[in-house]
$ cat start.cif   # mmCIF, N, CA, C and O atoms
data_coords
loop_
_atom_site.label_atom_id
_atom_site.label_comp_id
_atom_site.auth_asym_id
_atom_site.auth_seq_id
_atom_site.Cartn_x
_atom_site.Cartn_y
_atom_site.Cartn_z
N MET A 85 51.11 2.22 39.04
CA MET A 85 49.95 3.08 39.15
C MET A 85 49.75 3.78 37.80
O MET A 85 50.67 4.40 37.28
N ASP A 86 48.54 3.69 37.27
CA ASP A 86 48.29 4.38 36.00
C ASP A 86 48.05 5.87 36.24
O ASP A 86 47.94 6.31 37.38
N ARG A 87 48.01 6.63 35.16
CA ARG A 87 47.92 8.09 35.25
C ARG A 87 46.66 8.54 35.96
O ARG A 87 46.68 9.47 36.77
N LEU A 88 45.53 7.89 35.68
CA LEU A 88 44.27 8.26 36.32
C LEU A 88 44.33 8.06 37.83
O LEU A 88 43.91 8.93 38.60
N ASP A 89 44.89 6.94 38.27
CA ASP A 89 45.05 6.72 39.71
C ASP A 89 46.01 7.74 40.33
O ASP A 89 45.82 8.18 41.45
N PHE A 90 47.03 8.11 39.57
CA PHE A 90 47.97 9.12 40.04
C PHE A 90 47.25 10.46 40.23
O PHE A 90 47.44 11.14 41.24
N TYR A 91 46.41 10.86 39.27
CA TYR A 91 45.63 12.09 39.41
C TYR A 91 44.76 12.04 40.67
O TYR A 91 44.70 13.00 41.44
N ARG A 92 44.07 10.93 40.85
CA ARG A 92 43.20 10.78 42.03
C ARG A 92 43.99 10.94 43.32
O ARG A 92 43.56 11.64 44.24
N LYS A 93 45.13 10.27 43.38
CA LYS A 93 45.97 10.34 44.58
C LYS A 93 46.41 11.78 44.83
O LYS A 93 46.36 12.27 45.96
N CYS A 94 46.86 12.47 43.79
CA CYS A 94 47.33 13.85 43.94
C CYS A 94 46.22 14.78 44.42
O CYS A 94 46.43 15.61 45.32
N LEU A 95 45.04 14.68 43.82
CA LEU A 95 43.93 15.55 44.21
C LEU A 95 43.50 15.29 45.64
O LEU A 95 43.24 16.23 46.40
N GLN A 96 43.43 14.03 46.03
CA GLN A 96 43.04 13.72 47.41
C GLN A 96 44.08 14.22 48.40
O GLN A 96 43.73 14.78 49.45
N GLU A 97 45.35 14.06 48.06
CA GLU A 97 46.42 14.57 48.92
C GLU A 97 46.35 16.08 49.04
O GLU A 97 46.45 16.64 50.14
N PHE A 98 46.18 16.76 47.92
CA PHE A 98 46.09 18.22 47.91
C PHE A 98 44.93 18.68 48.81
O PHE A 98 45.10 19.54 49.67
N LEU A 99 43.74 18.12 48.60
CA LEU A 99 42.57 18.55 49.37
C LEU A 99 42.69 18.18 50.84
O LEU A 99 42.29 18.96 51.70
N ASN A 100 43.24 17.02 51.15
CA ASN A 100 43.46 16.66 52.55
C ASN A 100 44.38 17.66 53.23
O ASN A 100 44.13 18.07 54.37
N ASN A 101 45.44 18.06 52.54
CA ASN A 101 46.37 19.05 53.12
C ASN A 101 45.66 20.35 53.44
O ASN A 101 45.85 20.93 54.51
N TYR A 102 44.84 20.84 52.52
CA TYR A 102 44.19 22.13 52.73
C TYR A 102 42.95 22.07 53.62
O TYR A 102 42.52 23.09 54.14
N SER A 103 42.42 20.89 53.82
CA SER A 103 41.26 20.78 54.71
C SER A 103 41.63 21.09 56.15
O SER A 103 40.79 21.50 56.95
N SER A 104 42.90 20.93 56.50
CA SER A 104 43.35 21.21 57.87
C SER A 104 43.36 22.71 58.18
O SER A 104 43.46 23.10 59.33
N TYR A 105 43.24 23.55 57.14
CA TYR A 105 43.19 25.00 57.34
C TYR A 105 41.74 25.45 57.47
O TYR A 105 41.36 26.48 56.94
N GLY A 106 40.95 24.70 58.16
CA GLY A 106 39.53 24.98 58.29
C GLY A 106 39.24 26.20 59.15
O GLY A 106 40.13 26.82 59.73
N SER A 107 37.98 26.48 59.23
CA SER A 107 37.50 27.61 60.02
C SER A 107 37.73 27.35 61.50
O SER A 107 37.67 26.22 61.97
N LYS A 108 38.00 28.41 62.23
CA LYS A 108 38.12 28.31 63.70
C LYS A 108 36.74 28.21 64.35
O LYS A 108 36.62 27.89 65.51
N ASN A 109 35.71 28.50 63.58
CA ASN A 109 34.34 28.46 64.07
C ASN A 109 33.87 27.01 64.14
O ASN A 109 33.81 26.33 63.12
N PRO A 110 33.52 26.51 65.33
CA PRO A 110 33.09 25.11 65.45
C PRO A 110 31.75 24.84 64.76
O PRO A 110 31.40 23.67 64.56
N ASP A 111 31.02 25.88 64.38
CA ASP A 111 29.74 25.70 63.70
C ASP A 111 29.89 25.61 62.18
O ASP A 111 28.90 25.48 61.46
N ILE A 112 31.14 25.69 61.70
CA ILE A 112 31.39 25.56 60.26
C ILE A 112 32.17 24.27 60.03
O ILE A 112 33.26 24.08 60.57
N GLU A 113 31.58 23.41 59.25
CA GLU A 113 32.15 22.10 58.98
C GLU A 113 32.93 22.12 57.66
O GLU A 113 32.50 22.70 56.68
N THR A 114 34.08 21.49 57.67
CA THR A 114 34.86 21.30 56.45
C THR A 114 34.52 19.92 55.90
O THR A 114 34.58 18.93 56.62
N GLN A 115 34.14 19.88 54.64
CA GLN A 115 33.76 18.62 54.00
C GLN A 115 34.70 18.32 52.84
O GLN A 115 34.92 19.18 51.99
N LEU A 116 35.22 17.12 52.83
CA LEU A 116 35.98 16.62 51.70
C LEU A 116 35.08 15.70 50.92
O LEU A 116 34.47 14.79 51.50
N ILE A 117 34.97 15.91 49.64
CA ILE A 117 34.10 15.10 48.80
C ILE A 117 34.98 14.47 47.72
O ILE A 117 35.52 15.18 46.86
N PHE A 118 35.13 13.16 47.80
CA PHE A 118 35.92 12.40 46.84
C PHE A 118 35.00 11.43 46.13
O PHE A 118 34.68 10.37 46.65
N ASP A 119 34.57 11.78 44.95
CA ASP A 119 33.73 10.91 44.13
C ASP A 119 34.65 10.26 43.10
O ASP A 119 34.88 10.81 42.03
N THR A 120 35.18 9.09 43.44
CA THR A 120 36.14 8.42 42.56
C THR A 120 35.47 7.68 41.41
O THR A 120 36.15 7.25 40.49
N VAL A 121 34.15 7.54 41.45
CA VAL A 121 33.42 6.92 40.34
C VAL A 121 33.27 7.92 39.21
O VAL A 121 33.54 7.64 38.04
N ASN A 122 32.84 9.15 39.54
CA ASN A 122 32.65 10.21 38.54
C ASN A 122 33.82 11.17 38.47
O ASN A 122 33.80 12.12 37.70
N ASP A 123 34.82 10.95 39.31
CA ASP A 123 36.05 11.76 39.37
C ASP A 123 35.78 13.24 39.60
O ASP A 123 36.17 14.11 38.84
N ARG A 124 35.12 13.51 40.74
CA ARG A 124 34.89 14.86 41.21
C ARG A 124 35.45 14.96 42.63
O ARG A 124 35.20 14.10 43.47
N TYR A 125 36.19 16.04 42.87
CA TYR A 125 36.89 16.20 44.14
C TYR A 125 36.69 17.63 44.62
O TYR A 125 37.02 18.58 43.91
N LEU A 126 36.14 17.76 45.85
CA LEU A 126 35.80 19.09 46.36
C LEU A 126 36.22 19.25 47.82
O LEU A 126 36.22 18.29 48.59
N LEU A 127 36.52 20.48 48.15
CA LEU A 127 36.67 20.91 49.54
C LEU A 127 35.60 21.96 49.75
O LEU A 127 35.55 22.96 49.03
N PHE A 128 34.74 21.71 50.73
CA PHE A 128 33.55 22.52 50.95
C PHE A 128 33.51 22.96 52.40
O PHE A 128 33.97 22.23 53.29
N ARG A 129 32.94 24.12 52.65
CA ARG A 129 32.68 24.58 54.03
C ARG A 129 31.20 24.89 54.14
O ARG A 129 30.61 25.57 53.28
N THR A 130 30.60 24.39 55.21
CA THR A 130 29.17 24.60 55.40
C THR A 130 28.85 24.74 56.88
O THR A 130 29.52 24.14 57.72
N GLY A 131 27.87 25.54 57.20
CA GLY A 131 27.47 25.75 58.59
C GLY A 131 26.92 27.14 58.79
O GLY A 131 26.34 27.74 57.87
N TRP A 132 27.13 27.65 60.01
CA TRP A 132 26.60 28.97 60.37
C TRP A 132 27.68 29.81 61.03
O TRP A 132 28.42 29.34 61.87
N ASP A 133 27.73 31.07 60.63
CA ASP A 133 28.57 32.08 61.27
C ASP A 133 27.61 33.10 61.86
O ASP A 133 27.15 34.00 61.15
N ASN A 134 27.26 32.90 63.12
CA ASN A 134 26.19 33.66 63.78
C ASN A 134 24.90 33.47 62.99
O ASN A 134 24.42 32.36 62.88
N GLN A 135 24.35 34.53 62.40
CA GLN A 135 23.10 34.43 61.66
C GLN A 135 23.30 34.22 60.15
O GLN A 135 22.35 34.14 59.40
N ARG A 136 24.55 34.12 59.73
CA ARG A 136 24.86 34.02 58.30
C ARG A 136 25.15 32.58 57.91
O ARG A 136 26.00 31.92 58.50
N ARG A 137 24.45 32.10 56.90
CA ARG A 137 24.64 30.75 56.38
C ARG A 137 25.93 30.69 55.56
O ARG A 137 26.18 31.55 54.72
N ILE A 138 26.73 29.67 55.82
CA ILE A 138 27.96 29.42 55.09
C ILE A 138 27.76 28.16 54.25
O ILE A 138 27.37 27.12 54.78
N HIS A 139 28.00 28.27 52.98
CA HIS A 139 27.92 27.13 52.06
C HIS A 139 28.83 27.45 50.89
O HIS A 139 28.41 27.97 49.87
N ASN A 140 30.13 27.17 51.07
CA ASN A 140 31.15 27.62 50.12
C ASN A 140 31.96 26.46 49.58
O ASN A 140 32.48 25.65 50.33
N CYS A 141 32.12 26.48 48.29
CA CYS A 141 33.05 25.57 47.62
C CYS A 141 34.41 26.26 47.60
O CYS A 141 34.55 27.34 47.02
N ILE A 142 35.39 25.67 48.25
CA ILE A 142 36.73 26.23 48.29
C ILE A 142 37.51 25.79 47.04
O ILE A 142 38.08 26.59 46.33
N PHE A 143 37.53 24.47 46.81
CA PHE A 143 38.18 23.89 45.63
C PHE A 143 37.24 22.89 44.99
O PHE A 143 36.53 22.16 45.69
N HIS A 144 37.28 22.82 43.68
CA HIS A 144 36.54 21.81 42.92
C HIS A 144 37.40 21.39 41.74
O HIS A 144 37.81 22.21 40.94
N PHE A 145 37.67 20.09 41.67
CA PHE A 145 38.42 19.51 40.57
C PHE A 145 37.59 18.40 39.93
O PHE A 145 36.87 17.69 40.62
N ASP A 146 37.73 18.24 38.63
CA ASP A 146 37.20 17.08 37.92
C ASP A 146 38.35 16.45 37.15
O ASP A 146 39.28 17.15 36.73
N ILE A 147 38.27 15.15 36.97
CA ILE A 147 39.16 14.48 36.03
C ILE A 147 38.29 14.13 34.84
O ILE A 147 37.28 13.43 34.97
N LYS A 148 38.66 14.67 33.69
CA LYS A 148 37.94 14.41 32.45
C LYS A 148 38.95 13.90 31.43
O LYS A 148 39.88 14.63 31.07
N GLY A 149 38.74 12.67 30.99
CA GLY A 149 39.68 12.08 30.04
C GLY A 149 41.05 11.99 30.65
O GLY A 149 41.23 11.42 31.72
N ASP A 150 42.02 12.61 30.01
CA ASP A 150 43.39 12.57 30.50
C ASP A 150 43.85 13.90 31.07
O ASP A 150 45.03 14.22 31.07
N LYS A 151 42.88 14.68 31.62
CA LYS A 151 43.19 16.00 32.15
C LYS A 151 42.55 16.21 33.53
O LYS A 151 41.49 15.68 33.82
N ILE A 152 43.19 17.04 34.32
CA ILE A 152 42.60 17.54 35.57
C ILE A 152 42.04 18.91 35.27
O ILE A 152 42.74 19.79 34.75
N TRP A 153 40.77 19.08 35.56
CA TRP A 153 40.10 20.36 35.37
C TRP A 153 39.99 21.06 36.72
O TRP A 153 39.41 20.51 37.67
N ILE A 154 40.55 22.25 36.82
CA ILE A 154 40.36 23.08 38.01
C ILE A 154 39.07 23.85 37.76
O ILE A 154 39.03 24.78 36.97
N GLN A 155 38.01 23.44 38.42
CA GLN A 155 36.69 24.05 38.21
C GLN A 155 36.47 25.26 39.11
O GLN A 155 35.73 26.18 38.76
N GLU A 156 37.09 25.24 40.29
CA GLU A 156 36.91 26.34 41.24
C GLU A 156 38.12 26.42 42.14
O GLU A 156 38.65 25.39 42.58
N ASN A 157 38.55 27.64 42.41
CA ASN A 157 39.60 27.92 43.38
C ASN A 157 39.26 29.24 44.03
O ASN A 157 39.52 30.30 43.46
N ASN A 158 38.70 29.20 45.20
CA ASN A 158 38.31 30.41 45.93
C ASN A 158 39.36 30.78 46.98
O ASN A 158 39.02 31.14 48.11
N THR A 159 40.62 30.65 46.60
CA THR A 159 41.74 31.02 47.47
C THR A 159 42.77 31.77 46.64
O THR A 159 42.63 31.92 45.43
N ASP A 160 43.83 32.18 47.31
CA ASP A 160 44.96 32.79 46.62
C ASP A 160 46.04 31.75 46.30
O ASP A 160 47.10 32.08 45.79
N ILE A 161 45.76 30.49 46.60
CA ILE A 161 46.72 29.42 46.39
C ILE A 161 46.88 29.15 44.89
O ILE A 161 45.88 29.06 44.17
N GLU A 162 48.10 29.03 44.44
CA GLU A 162 48.37 28.72 43.04
C GLU A 162 48.32 27.20 42.87
O GLU A 162 49.34 26.51 42.89
N VAL A 163 47.10 26.71 42.72
CA VAL A 163 46.85 25.27 42.63
C VAL A 163 47.66 24.65 41.51
O VAL A 163 48.26 23.58 41.67
N ASP A 164 47.66 25.29 40.36
CA ASP A 164 48.38 24.74 39.21
C ASP A 164 49.84 24.50 39.53
O ASP A 164 50.41 23.47 39.16
N LYS A 165 50.47 25.42 40.23
CA LYS A 165 51.88 25.27 40.60
C LYS A 165 52.07 24.09 41.54
O LYS A 165 53.03 23.32 41.40
N GLU A 166 51.16 23.92 42.49
CA GLU A 166 51.27 22.81 43.42
C GLU A 166 51.07 21.47 42.71
O GLU A 166 51.75 20.49 43.02
N LEU A 167 50.15 21.43 41.76
CA LEU A 167 49.95 20.20 40.98
C LEU A 167 51.19 19.89 40.15
O LEU A 167 51.59 18.72 40.04
N GLU A 168 51.80 20.91 39.60
CA GLU A 168 53.03 20.72 38.84
C GLU A 168 54.13 20.13 39.72
O GLU A 168 54.88 19.24 39.29
N GLU A 169 54.24 20.62 40.96
CA GLU A 169 55.24 20.10 41.89
C GLU A 169 54.98 18.63 42.22
O GLU A 169 55.91 17.91 42.58
N MET A 170 53.74 18.19 42.09
CA MET A 170 53.40 16.79 42.34
C MET A 170 53.70 15.90 41.12
O MET A 170 53.55 14.69 41.20
N GLY A 171 54.04 16.52 39.99
CA GLY A 171 54.38 15.74 38.81
C GLY A 171 53.34 15.79 37.71
O GLY A 171 53.38 14.98 36.78
N ILE A 172 52.42 16.74 37.77
CA ILE A 172 51.39 16.89 36.75
C ILE A 172 51.79 18.07 35.86
O ILE A 172 52.00 19.17 36.35
N SER A 173 51.89 17.83 34.57
CA SER A 173 52.36 18.88 33.66
C SER A 173 51.25 19.88 33.35
O SER A 173 50.06 19.59 33.51
N LYS A 174 51.66 21.03 32.85
CA LYS A 174 50.70 22.07 32.47
C LYS A 174 49.74 21.58 31.40
O LYS A 174 48.60 22.01 31.35
N LYS A 175 50.20 20.71 30.53
CA LYS A 175 49.36 20.19 29.45
C LYS A 175 48.34 19.17 29.94
O LYS A 175 47.49 18.72 29.18
N GLU A 176 48.42 18.81 31.22
CA GLU A 176 47.45 17.89 31.83
C GLU A 176 46.45 18.64 32.70
O GLU A 176 45.60 18.01 33.34
N ILE A 177 46.56 19.96 32.73
CA ILE A 177 45.71 20.79 33.59
C ILE A 177 44.88 21.74 32.72
O ILE A 177 45.42 22.46 31.89
N VAL A 178 43.58 21.75 32.95
CA VAL A 178 42.68 22.71 32.30
C VAL A 178 42.14 23.64 33.38
O VAL A 178 41.64 23.17 34.40
N VAL A 179 42.27 24.93 33.16
CA VAL A 179 41.71 25.91 34.10
C VAL A 179 40.26 26.13 33.65
O VAL A 179 39.97 27.00 32.83
N GLY A 180 39.37 25.31 34.20
CA GLY A 180 37.98 25.27 33.76
C GLY A 180 37.19 26.51 34.07
O GLY A 180 36.17 26.77 33.43
N PHE A 181 37.63 27.31 35.04
CA PHE A 181 36.87 28.52 35.36
C PHE A 181 37.25 29.69 34.45
O PHE A 181 36.67 30.76 34.56
N HIS A 182 38.21 29.48 33.55
CA HIS A 182 38.49 30.47 32.50
C HIS A 182 37.61 30.16 31.30
O HIS A 182 37.44 29.00 30.93
N HIS A 183 37.09 31.18 30.68
CA HIS A 183 36.25 31.00 29.50
C HIS A 183 37.03 30.23 28.43
O HIS A 183 38.24 30.48 28.25
N PRO A 184 36.38 29.31 27.72
CA PRO A 184 37.10 28.52 26.71
C PRO A 184 37.87 29.36 25.69
O PRO A 184 38.96 28.96 25.27
N SER A 185 37.36 30.51 25.33
CA SER A 185 38.06 31.35 24.35
C SER A 185 39.36 31.94 24.90
O SER A 185 40.22 32.37 24.14
N MET A 186 39.52 31.97 26.21
CA MET A 186 40.71 32.55 26.82
C MET A 186 41.78 31.50 27.12
O MET A 186 42.94 31.84 27.34
N ARG A 187 41.41 30.23 27.15
CA ARG A 187 42.35 29.17 27.55
C ARG A 187 43.53 29.04 26.60
O ARG A 187 44.63 28.68 27.03
N GLU A 188 43.33 29.34 25.33
CA GLU A 188 44.42 29.17 24.36
C GLU A 188 45.58 30.13 24.62
O GLU A 188 46.69 29.91 24.15
N TYR A 189 45.34 31.16 25.41
CA TYR A 189 46.39 32.14 25.71
C TYR A 189 47.19 31.80 26.96
O TYR A 189 48.08 32.54 27.34
N SER A 190 46.83 30.70 27.61
CA SER A 190 47.55 30.30 28.82
C SER A 190 48.56 29.21 28.48
O SER A 190 48.62 28.71 27.36
N GLU A 191 49.33 28.85 29.47
CA GLU A 191 50.32 27.78 29.31
C GLU A 191 49.70 26.40 29.52
O GLU A 191 50.37 25.39 29.39
N TYR A 192 48.41 26.39 29.84
CA TYR A 192 47.75 25.14 30.23
C TYR A 192 46.91 24.57 29.10
O TYR A 192 46.72 25.21 28.06
N ALA A 193 46.40 23.38 29.31
CA ALA A 193 45.61 22.70 28.29
C ALA A 193 44.34 23.49 28.00
O ALA A 193 43.79 24.17 28.86
N VAL A 194 43.87 23.38 26.76
CA VAL A 194 42.67 24.08 26.34
C VAL A 194 41.43 23.32 26.81
O VAL A 194 40.47 23.89 27.30
N SER A 195 41.44 22.02 26.63
CA SER A 195 40.35 21.14 27.14
C SER A 195 40.74 19.70 26.96
O SER A 195 41.80 19.39 26.49
#
$ encode --input "start.cif" --output "structure tokens"
Amino acid sequence: MDRLDFYRKCLQEFLNNYSSYGSKNPDIETQLIFDTVNDRYLLFRTGWDNQRRIHNCIFHFDIKGDKIWIQENNTDIEVDKELEEMGISKKEIVVGFHHPSMREYSEYAVS
């Protein structure tokens, strides 16, 4: 398995694991979006909570070149740590929701 396929497998496994922690509300749907052509991977929640519309991106990852970009994490889960436990190094992870000028101060890839 090449590195790109390994990244895809890890992201799909990660998102599948967390999709099971869905809403107890039957009117809110959990959506897994695996775009393996463009390498975009999302966990989304959509539906209705009484009169309030729910349309939330929980996690969003992209694979760009030889890096996994964490584009969104709307949880307290330390995604980077879990990816590291799967065998992905810090230098293969870009925290995309941090401003580019701040990335150089982290332990992770700049871009």
$ resolve_selection --input "start.cif" --expression "the PyMOL selection byres ((chain A and resi 117) around 7)" --output "list in words"
Gln115, Leu116, Phe118, Asp119, Thr120, Arg124, Tyr125, Leu126, Leu127, Phe128 and Phe145 of chain A
$ atom_distance --input "start.cif" --atom1 "CA of Phe143 (chain A)" --atom2 "CA of Asn122 (chain A)"
16.4 Å
$ resolve_selection --input "start.cif" --expression "the PyMOL selection byres ((chain A and resi 155) around 8)" --output "JSON, numbers by chain"
{"A": [125, 142, 143, 144, 145, 146, 152, 153, 154, 156, 157, 158, 178, 179, 180, 181, 182]}
$ select_by_dssp --input "start.cif" --residues "chain A" --states "strand (DSSP E or B)" --output "PyMOL selection string"
chain A and resi 112-119+124-133+136-148+151-157+177-179+193
$ resolve_selection --input "start.cif" --expression "the PyMOL selection byres (((chain A and resi 134 and name CA) around 12) and name CA)" --output "ChimeraX atom specification"
/A:109-112,131-133,135-138
$ closest_residue --input "start.cif" --among "A:Asp123, A:Lys174, A:Ile161, A:Arg92" --to "Ser190 (chain A)" --atoms "only N, CA, C and O atoms"
A:Lys174
$ residues_around --input "start.cif" --residues "Glu166 (chain A)" --least-positions-apart "5" --cutoff "8 Å" --atoms "all atoms listed in the file" --output "PyMOL selection string"
chain A and resi 94+98+161+171-172
$ atom_distance --input "start.cif" --atom1 "CA of Lys175 (chain A)" --atom2 "atom C of Ala193 (chain A)"
6.2 Å
$ closest_residue --input "start.cif" --among "A:Leu95, A:Lys151, A:Ser195, A:Lys108" --to "Glu176 (chain A)" --atoms "only N, CA, C and O atoms"
A:Lys151
$ atom_distance --input "start.cif" --atom1 "CA of Phe90 (chain A)" --atom2 "atom O of Met170 (chain A)"
8.0 Å
